[in-house]
Amino acid sequence: MPNTETALTWLPAGVAFPPVHTAWRADSDAPGLLCAGGDLSVATLAQAYRHTIFPWFSDGQPILWWSPDPRMVLTVGDFHLRNSFRKRLQQFARSPNCEIRVDSAFEEVIHACAQSLRQGQSGTWIVPPMVQAYTQLHHAGLTHSVETWIDGALHGGLYFVALGKAVFGESMFHRSTDSSKIALAALVAMCRQFGVTHIDCQQNTAHLVSMGAREVPREWFLQHVAHASVQTAPNWRFTPLYWQRLFATDNATS
């Protein structure tokens, strides 16, 4: 029988988060739920991510903070491309009409991610306060977008949080086939170039597993973030040379 937790810590604004080991257990009704309340300021979000905590809530709910155990993580060295997508990516890389841009349209990307979730679900966790908060985090240099552009139009992309070399994937969207996957492949290519070893994926999905992500213990991930977040942050820029290095080292599958 699932363990139903009966008490949830309320976090006043400006107060430190409770220890992540107090989050609701994997057999509870809300695995990884840590606390509610607080605020979405840049300082609070930076503190949260440094402790493997992230906000996730819907309209009408208070701010809910999560730190699941285990944690879904993509080791960038384990990232693999299916042969069909590898061919698509090679075509994209060769085309003069296709390019990857970083941080050229962050607000359009996050709004598109929110809209994409609304189309596939009854609601979205990228509610207006989250859009505003992550836009402010972007202006502070801690959140970035990776964008797939074709014929001068934005076709897909993703955004992620980066503290030093600790990288946390947030959400993706696509307006054409494989355009979000192309953005993810570009992020992996940059991570390999810059010495970033892992990308946080938060939740386990079959799609992530198919690309090489796996679950790791939260304690391991906490130690990784503590080490990576104090390293010098990369200059998040993409050049086509990174594609060649990705193709030379990826683990292709059928």
# chains A, B, ... in the order shown; residues from 1 in each chain; ligands from 1
$ select_by_dssp --residues "segment 41-231 of chain A" --states "helix (DSSP H, G or I)" --output "number ranges by chain"
A: 42-50, 76-78, 83-94, 106-120, 128-139, 179-194, 206-210, 218-228
$ residues_around --residues "segment 29-42 of chain A" --least-positions-apart "5" --cutoff "10 Å" --atoms "only C-alpha atoms" --output "PDB file with N, CA and C atoms, in the first residue's frame"
ATOM      1  N   PRO A   2       0.605   2.240  -0.852  1.00  0.00           N
ATOM      2  CA  PRO A   2       1.417   3.451  -0.869  1.00  0.00           C
ATOM      3  C   PRO A   2       1.424   4.151   0.477  1.00  0.00           C
ATOM      4  N   ASN A   3       2.534   4.749   0.807  1.00  0.00           N
ATOM      5  CA  ASN A   3       2.648   5.501   2.038  1.00  0.00           C
ATOM      6  C   ASN A   3       2.143   6.916   1.796  1.00  0.00           C
ATOM      7  N   THR A   4       1.072   7.305   2.431  1.00  0.00           N
ATOM      8  CA  THR A   4       0.517   8.639   2.260  1.00  0.00           C
ATOM      9  C   THR A   4       1.049   9.543   3.360  1.00  0.00           C
ATOM     10  N   GLU A   5       1.826  10.556   2.966  1.00  0.00           N
ATOM     11  CA  GLU A   5       2.365  11.486   3.942  1.00  0.00           C
ATOM     12  C   GLU A   5       1.233  12.403   4.422  1.00  0.00           C
ATOM     13  N   ALA A   7       1.896  15.326   6.507  1.00  0.00           N
ATOM     14  CA  ALA A   7       2.334  16.687   6.811  1.00  0.00           C
ATOM     15  C   ALA A   7       3.257  17.181   5.721  1.00  0.00           C
ATOM     16  N   LEU A   8       3.072  18.426   5.328  1.00  0.00           N
ATOM     17  CA  LEU A   8       3.926  19.038   4.324  1.00  0.00           C
ATOM     18  C   LEU A   8       4.487  20.324   4.903  1.00  0.00           C
ATOM     19  N   THR A   9       5.794  20.450   4.874  1.00  0.00           N
ATOM     20  CA  THR A   9       6.457  21.628   5.420  1.00  0.00           C
ATOM     21  C   THR A   9       6.086  22.873   4.617  1.00  0.00           C
ATOM     22  N   TRP A  10       5.699  23.941   5.318  1.00  0.00           N
ATOM     23  CA  TRP A  10       5.439  25.214   4.661  1.00  0.00           C
ATOM     24  C   TRP A  10       6.692  26.075   4.766  1.00  0.00           C
ATOM     25  N   LEU A  11       7.136  26.623   3.644  1.00  0.00           N
ATOM     26  CA  LEU A  11       8.392  27.358   3.581  1.00  0.00           C
ATOM     27  C   LEU A  11       8.105  28.856   3.506  1.00  0.00           C
ATOM     28  N   PRO A  12       8.355  29.603   4.575  1.00  0.00           N
ATOM     29  CA  PRO A  12       8.205  31.058   4.483  1.00  0.00           C
ATOM     30  C   PRO A  12       9.239  31.643   3.519  1.00  0.00           C
ATOM     31  N   ALA A  13       8.920  32.752   2.887  1.00  0.00           N
ATOM     32  CA  ALA A  13       9.847  33.391   1.958  1.00  0.00           C
ATOM     33  C   ALA A  13      11.148  33.736   2.667  1.00  0.00           C
ATOM     34  N   GLY A  14      12.259  33.430   2.008  1.00  0.00           N
ATOM     35  CA  GLY A  14      13.568  33.762   2.553  1.00  0.00           C
ATOM     36  C   GLY A  14      14.143  32.748   3.508  1.00  0.00           C
ATOM     37  N   VAL A  15      13.412  31.682   3.808  1.00  0.00           N
ATOM     38  CA  VAL A  15      13.883  30.648   4.736  1.00  0.00           C
ATOM     39  C   VAL A  15      14.522  29.516   3.944  1.00  0.00           C
ATOM     40  N   ALA A  16      15.592  28.922   4.490  1.00  0.00           N
ATOM     41  CA  ALA A  16      16.302  27.842   3.805  1.00  0.00           C
ATOM     42  C   ALA A  16      15.400  26.623   3.633  1.00  0.00           C
ATOM     43  N   PHE A  17      15.661  25.862   2.583  1.00  0.00           N
ATOM     44  CA  PHE A  17      14.893  24.647   2.325  1.00  0.00           C
ATOM     45  C   PHE A  17      15.200  23.581   3.376  1.00  0.00           C
ATOM     46  N   PRO A  18      14.228  22.725   3.669  1.00  0.00           N
ATOM     47  CA  PRO A  18      14.518  21.592   4.556  1.00  0.00           C
ATOM     48  C   PRO A  18      15.443  20.608   3.856  1.00  0.00           C
ATOM     49  N   PRO A  19      16.111  19.729   4.593  1.00  0.00           N
ATOM     50  CA  PRO A  19      17.000  18.737   3.965  1.00  0.00           C
ATOM     51  C   PRO A  19      16.228  17.875   2.966  1.00  0.00           C
ATOM     52  N   VAL A  20      16.856  17.565   1.832  1.00  0.00           N
ATOM     53  CA  VAL A  20      16.156  16.831   0.789  1.00  0.00           C
ATOM     54  C   VAL A  20      15.776  15.422   1.219  1.00  0.00           C
ATOM     55  N   HIS A  21      16.466  14.875   2.221  1.00  0.00           N
ATOM     56  CA  HIS A  21      16.119  13.509   2.650  1.00  0.00           C
ATOM     57  C   HIS A  21      14.764  13.470   3.354  1.00  0.00           C
ATOM     58  N   THR A  22      14.191  14.652   3.656  1.00  0.00           N
ATOM     59  CA  THR A  22      12.852  14.680   4.260  1.00  0.00           C
ATOM     60  C   THR A  22      11.749  14.701   3.209  1.00  0.00           C
ATOM     61  N   ALA A  23      12.100  14.702   1.924  1.00  0.00           N
ATOM     62  CA  ALA A  23      11.077  14.663   0.866  1.00  0.00           C
ATOM     63  C   ALA A  23      10.272  13.377   0.945  1.00  0.00           C
ATOM     64  N   TRP A  24       9.068  13.412   0.455  1.00  0.00           N
ATOM     65  CA  TRP A  24       8.210  12.231   0.487  1.00  0.00           C
ATOM     66  C   TRP A  24       8.855  11.093  -0.300  1.00  0.00           C
ATOM     67  N   GLN A  47      19.383  28.720  -4.975  1.00  0.00           N
ATOM     68  CA  GLN A  47      19.577  27.896  -3.782  1.00  0.00           C
ATOM     69  C   GLN A  47      18.923  26.527  -3.960  1.00  0.00           C
ATOM     70  N   ALA A  48      17.728  26.527  -4.537  1.00  0.00           N
ATOM     71  CA  ALA A  48      17.023  25.262  -4.730  1.00  0.00           C
ATOM     72  C   ALA A  48      17.818  24.320  -5.625  1.00  0.00           C
ATOM     73  N   ILE A  53      16.769  20.661  -5.808  1.00  0.00           N
ATOM     74  CA  ILE A  53      15.342  20.935  -5.606  1.00  0.00           C
ATOM     75  C   ILE A  53      14.836  21.780  -6.782  1.00  0.00           C
ATOM     76  N   PHE A  54      13.620  21.507  -7.240  1.00  0.00           N
ATOM     77  CA  PHE A  54      13.042  22.310  -8.320  1.00  0.00           C
ATOM     78  C   PHE A  54      11.554  22.542  -8.053  1.00  0.00           C
ATOM     79  N   PRO A  55      10.993  23.642  -8.573  1.00  0.00           N
ATOM     80  CA  PRO A  55       9.561  23.919  -8.404  1.00  0.00           C
ATOM     81  C   PRO A  55       8.746  23.234  -9.498  1.00  0.00           C
ATOM     82  N   TRP A  56       7.552  22.802  -9.121  1.00  0.00           N
ATOM     83  CA  TRP A  56       6.656  22.153 -10.081  1.00  0.00           C
ATOM     84  C   TRP A  56       5.245  22.208  -9.509  1.00  0.00           C
ATOM     85  N   PHE A  57       4.388  23.014 -10.109  1.00  0.00           N
ATOM     86  CA  PHE A  57       3.033  23.181  -9.591  1.00  0.00           C
ATOM     87  C   PHE A  57       2.134  23.669 -10.709  1.00  0.00           C
ATOM     88  N   GLN A  61      -2.447  26.124  -7.317  1.00  0.00           N
ATOM     89  CA  GLN A  61      -1.665  25.495  -6.252  1.00  0.00           C
ATOM     90  C   GLN A  61      -0.631  26.476  -5.713  1.00  0.00           C
ATOM     91  N   PRO A  62      -0.190  26.269  -4.469  1.00  0.00           N
ATOM     92  CA  PRO A  62       0.969  27.027  -3.995  1.00  0.00           C
ATOM     93  C   PRO A  62       2.220  26.534  -4.719  1.00  0.00           C
ATOM     94  N   ILE A  63       3.316  27.246  -4.552  1.00  0.00           N
ATOM     95  CA  ILE A  63       4.584  26.770  -5.106  1.00  0.00           C
ATOM     96  C   ILE A  63       4.940  25.460  -4.408  1.00  0.00           C
ATOM     97  N   LEU A  64       5.152  24.413  -5.186  1.00  0.00           N
ATOM     98  CA  LEU A  64       5.543  23.108  -4.648  1.00  0.00           C
ATOM     99  C   LEU A  64       6.976  22.819  -5.072  1.00  0.00           C
ATOM    100  N   TRP A  65       7.772  22.312  -4.122  1.00  0.00           N
ATOM    101  CA  TRP A  65       9.191  22.048  -4.354  1.00  0.00           C
ATOM    102  C   TRP A  65       9.461  20.553  -4.253  1.00  0.00           C
ATOM    103  N   TRP A  66      10.289  20.036  -5.159  1.00  0.00           N
ATOM    104  CA  TRP A  66      10.482  18.601  -5.312  1.00  0.00           C
ATOM    105  C   TRP A  66      11.965  18.237  -5.353  1.00  0.00           C
ATOM    106  N   SER A  67      12.267  17.049  -4.859  1.00  0.00           N
ATOM    107  CA  SER A  67      13.604  16.471  -5.005  1.00  0.00           C
ATOM    108  C   SER A  67      13.453  14.948  -4.988  1.00  0.00           C
ATOM    109  N   PRO A  68      13.118  14.355  -6.135  1.00  0.00           N
ATOM    110  CA  PRO A  68      12.823  12.916  -6.175  1.00  0.00           C
ATOM    111  C   PRO A  68      14.068  12.052  -5.976  1.00  0.00           C
ATOM    112  N   ASP A  69      13.827  10.876  -5.477  1.00  0.00           N
ATOM    113  CA  ASP A  69      14.874   9.867  -5.292  1.00  0.00           C
ATOM    114  C   ASP A  69      14.294   8.518  -5.717  1.00  0.00           C
ATOM    115  N   PRO A  70      14.823   7.906  -6.802  1.00  0.00           N
ATOM    116  CA  PRO A  70      16.008   8.294  -7.564  1.00  0.00           C
ATOM    117  C   PRO A  70      15.732   9.465  -8.499  1.00  0.00           C
ATOM    118  N   ARG A  71      16.819   9.935  -9.130  1.00  0.00           N
ATOM    119  CA  ARG A  71      16.764  11.078 -10.036  1.00  0.00           C
ATOM    120  C   ARG A  71      17.132  10.615 -11.441  1.00  0.00           C
ATOM    121  N   PRO A 129       3.675  32.583 -13.412  1.00  0.00           N
ATOM    122  CA  PRO A 129       4.742  32.923 -12.454  1.00  0.00           C
ATOM    123  C   PRO A 129       6.051  32.183 -12.742  1.00  0.00           C
ATOM    124  N   MET A 130       5.970  30.974 -13.283  1.00  0.00           N
ATOM    125  CA  MET A 130       7.178  30.234 -13.641  1.00  0.00           C
ATOM    126  C   MET A 130       7.854  30.875 -14.853  1.00  0.00           C
ATOM    127  N   GLN A 132       7.748  33.995 -15.712  1.00  0.00           N
ATOM    128  CA  GLN A 132       8.387  35.226 -15.230  1.00  0.00           C
ATOM    129  C   GLN A 132       9.651  34.909 -14.441  1.00  0.00           C
ATOM    130  N   ALA A 133       9.588  33.903 -13.578  1.00  0.00           N
ATOM    131  CA  ALA A 133      10.730  33.574 -12.730  1.00  0.00           C
ATOM    132  C   ALA A 133      11.917  33.088 -13.546  1.00  0.00           C
ATOM    133  N   TYR A 134      11.668  32.221 -14.526  1.00  0.00           N
ATOM    134  CA  TYR A 134      12.784  31.681 -15.303  1.00  0.00           C
ATOM    135  C   TYR A 134      13.304  32.699 -16.317  1.00  0.00           C
ATOM    136  N   THR A 135      12.456  33.634 -16.703  1.00  0.00           N
ATOM    137  CA  THR A 135      12.940  34.735 -17.533  1.00  0.00           C
ATOM    138  C   THR A 135      13.891  35.612 -16.729  1.00  0.00           C
ATOM    139  N   GLN A 136      13.552  35.882 -15.475  1.00  0.00           N
ATOM    140  CA  GLN A 136      14.454  36.633 -14.602  1.00  0.00           C
ATOM    141  C   GLN A 136      15.749  35.849 -14.372  1.00  0.00           C
ATOM    142  N   LEU A 137      15.632  34.528 -14.226  1.00  0.00           N
ATOM    143  CA  LEU A 137      16.816  33.695 -14.056  1.00  0.00           C
ATOM    144  C   LEU A 137      17.681  33.739 -15.314  1.00  0.00           C
ATOM    145  N   HIS A 138      17.036  33.837 -16.468  1.00  0.00           N
ATOM    146  CA  HIS A 138      17.776  33.977 -17.718  1.00  0.00           C
ATOM    147  C   HIS A 138      18.543  35.299 -17.753  1.00  0.00           C
ATOM    148  N   HIS A 139      17.896  36.379 -17.344  1.00  0.00           N
ATOM    149  CA  HIS A 139      18.573  37.679 -17.317  1.00  0.00           C
ATOM    150  C   HIS A 139      19.741  37.674 -16.330  1.00  0.00           C
ATOM    151  N   ALA A 140      19.664  36.812 -15.314  1.00  0.00           N
ATOM    152  CA  ALA A 140      20.757  36.683 -14.344  1.00  0.00           C
ATOM    153  C   ALA A 140      21.867  35.762 -14.861  1.00  0.00           C
ATOM    154  N   LEU A 142      21.586  32.453 -15.581  1.00  0.00           N
ATOM    155  CA  LEU A 142      21.546  31.100 -15.032  1.00  0.00           C
ATOM    156  C   LEU A 142      20.614  30.161 -15.792  1.00  0.00           C
TER     157      LEU A 142
END
$ closest_residue --among "A:His174, A:Trp125, A:Tyr49, A:Val196" --to "Ala153 of chain A" --atoms "only C-alpha atoms"
A:His174
$ residues_around --residues "Ser176 of chain A" --least-positions-apart "2" --cutoff "9 Å" --atoms "only C-alpha atoms" --output "tab-separated table (two decimals) with N, CA and C atoms, in the first residue's frame"
chain	number	residue	atom	x	y	z
A	155	HIS	N	11.95	26.49	-35.06
A	155	HIS	CA	11.17	25.25	-35.20
A	155	HIS	C	11.10	24.43	-33.92
A	156	GLY	N	12.00	24.63	-33.00
A	156	GLY	CA	11.99	23.85	-31.77
A	156	GLY	C	13.09	24.32	-30.85
A	174	HIS	N	8.51	21.40	-29.96
A	174	HIS	CA	8.84	21.27	-31.38
A	174	HIS	C	7.67	21.74	-32.22
A	178	ASP	N	11.39	16.22	-35.09
A	178	ASP	CA	12.75	16.08	-34.55
A	178	ASP	C	13.40	17.40	-34.14
A	179	SER	N	12.69	18.52	-34.23
A	179	SER	CA	13.36	19.79	-33.95
A	179	SER	C	13.76	19.93	-32.48
A	180	SER	N	12.98	19.37	-31.55
A	180	SER	CA	13.39	19.41	-30.14
A	180	SER	C	14.53	18.44	-29.88
$ atom_distance --atom1 "atom CA of Ser84 of chain A" --atom2 "atom CA of Leu184 of chain A"
15.9 Å
$ residues_around --residues "Phe85 of chain A" --least-positions-apart "3" --cutoff "9 Å" --atoms "only C-alpha atoms" --output "MDAnalysis selection string"
chainID A and resid 81:82 88:90 178 181:182
$ write_last_selection --atoms "C-alpha atoms" --output "mmCIF file, in the first residue's frame"
data_model
loop_
_atom_site.group_PDB
_atom_site.id
_atom_site.type_symbol
_atom_site.label_atom_id
_atom_site.label_comp_id
_atom_site.auth_asym_id
_atom_site.auth_seq_id
_atom_site.Cartn_x
_atom_site.Cartn_y
_atom_site.Cartn_z
ATOM 1 C CA LEU A 81 21.368 8.489 -31.535
ATOM 2 C CA ARG A 82 19.115 6.094 -33.376
ATOM 3 C CA ARG A 88 18.361 13.513 -39.944
ATOM 4 C CA LEU A 89 20.860 15.315 -37.728
ATOM 5 C CA GLN A 90 23.621 14.994 -40.321
ATOM 6 C CA ASP A 178 12.753 16.080 -34.546
ATOM 7 C CA LYS A 181 15.627 16.340 -30.408
ATOM 8 C CA ILE A 182 18.050 18.359 -32.534
#
$ select_by_dssp --residues "segment 106-251 of chain A" --states "strand (DSSP E or B)" --output "ChimeraX atom specification"
/A:143-150,153-163,166-174,198-202,214-216
$ atom_distance --atom1 "atom CA of Ala105 of chain A" --atom2 "atom CA of Gly164 of chain A"
21.9 Å
$ residues_around --residues "Arg214 of chain A" --least-positions-apart "6" --cutoff "12 Å" --atoms "only C-alpha atoms" --output "list of chain:residue names"
A:Pro70, A:Arg71, A:Met72, A:Val73, A:Leu74, A:Thr75, A:Val76, A:Asp78, A:Phe79, A:His198, A:Ile199, A:Asp200, A:Cys201, A:Gln202, A:Gln203, A:Asn204, A:Thr205, A:Ala206, A:His207, A:Leu208, A:Phe221
$ closest_residue --among "A:Val127, A:Cys191, A:Val230, A:Ala46" --to "His111 of chain A" --atoms "only C-alpha atoms"
A:Val127
$ closest_residue --among "A:Phe92, A:Trp149, A:Trp243, A:Phe160" --to "Gln193 of chain A" --atoms "only C-alpha atoms"
A:Trp243
$ atom_distance --atom1 "atom CA of Gly77 of chain A" --atom2 "atom CA of Val161 of chain A"
19.6 Å
$ closest_residue --among "A:Met172, A:His80, A:Gln244, A:Asp151" --to "Gly212 of chain A" --atoms "only C-alpha atoms"
A:His80
$ closest_residue --among "A:Arg175, A:Ala43, A:Ala189, A:Trp220" --to "Thr239 of chain A" --atoms "only C-alpha atoms"
A:Ala189
$ closest_residue --among "A:Gly60, A:Pro96, A:Cys113, A:Arg245" --to "Ala186 of chain A" --atoms "only C-alpha atoms"
A:Arg245
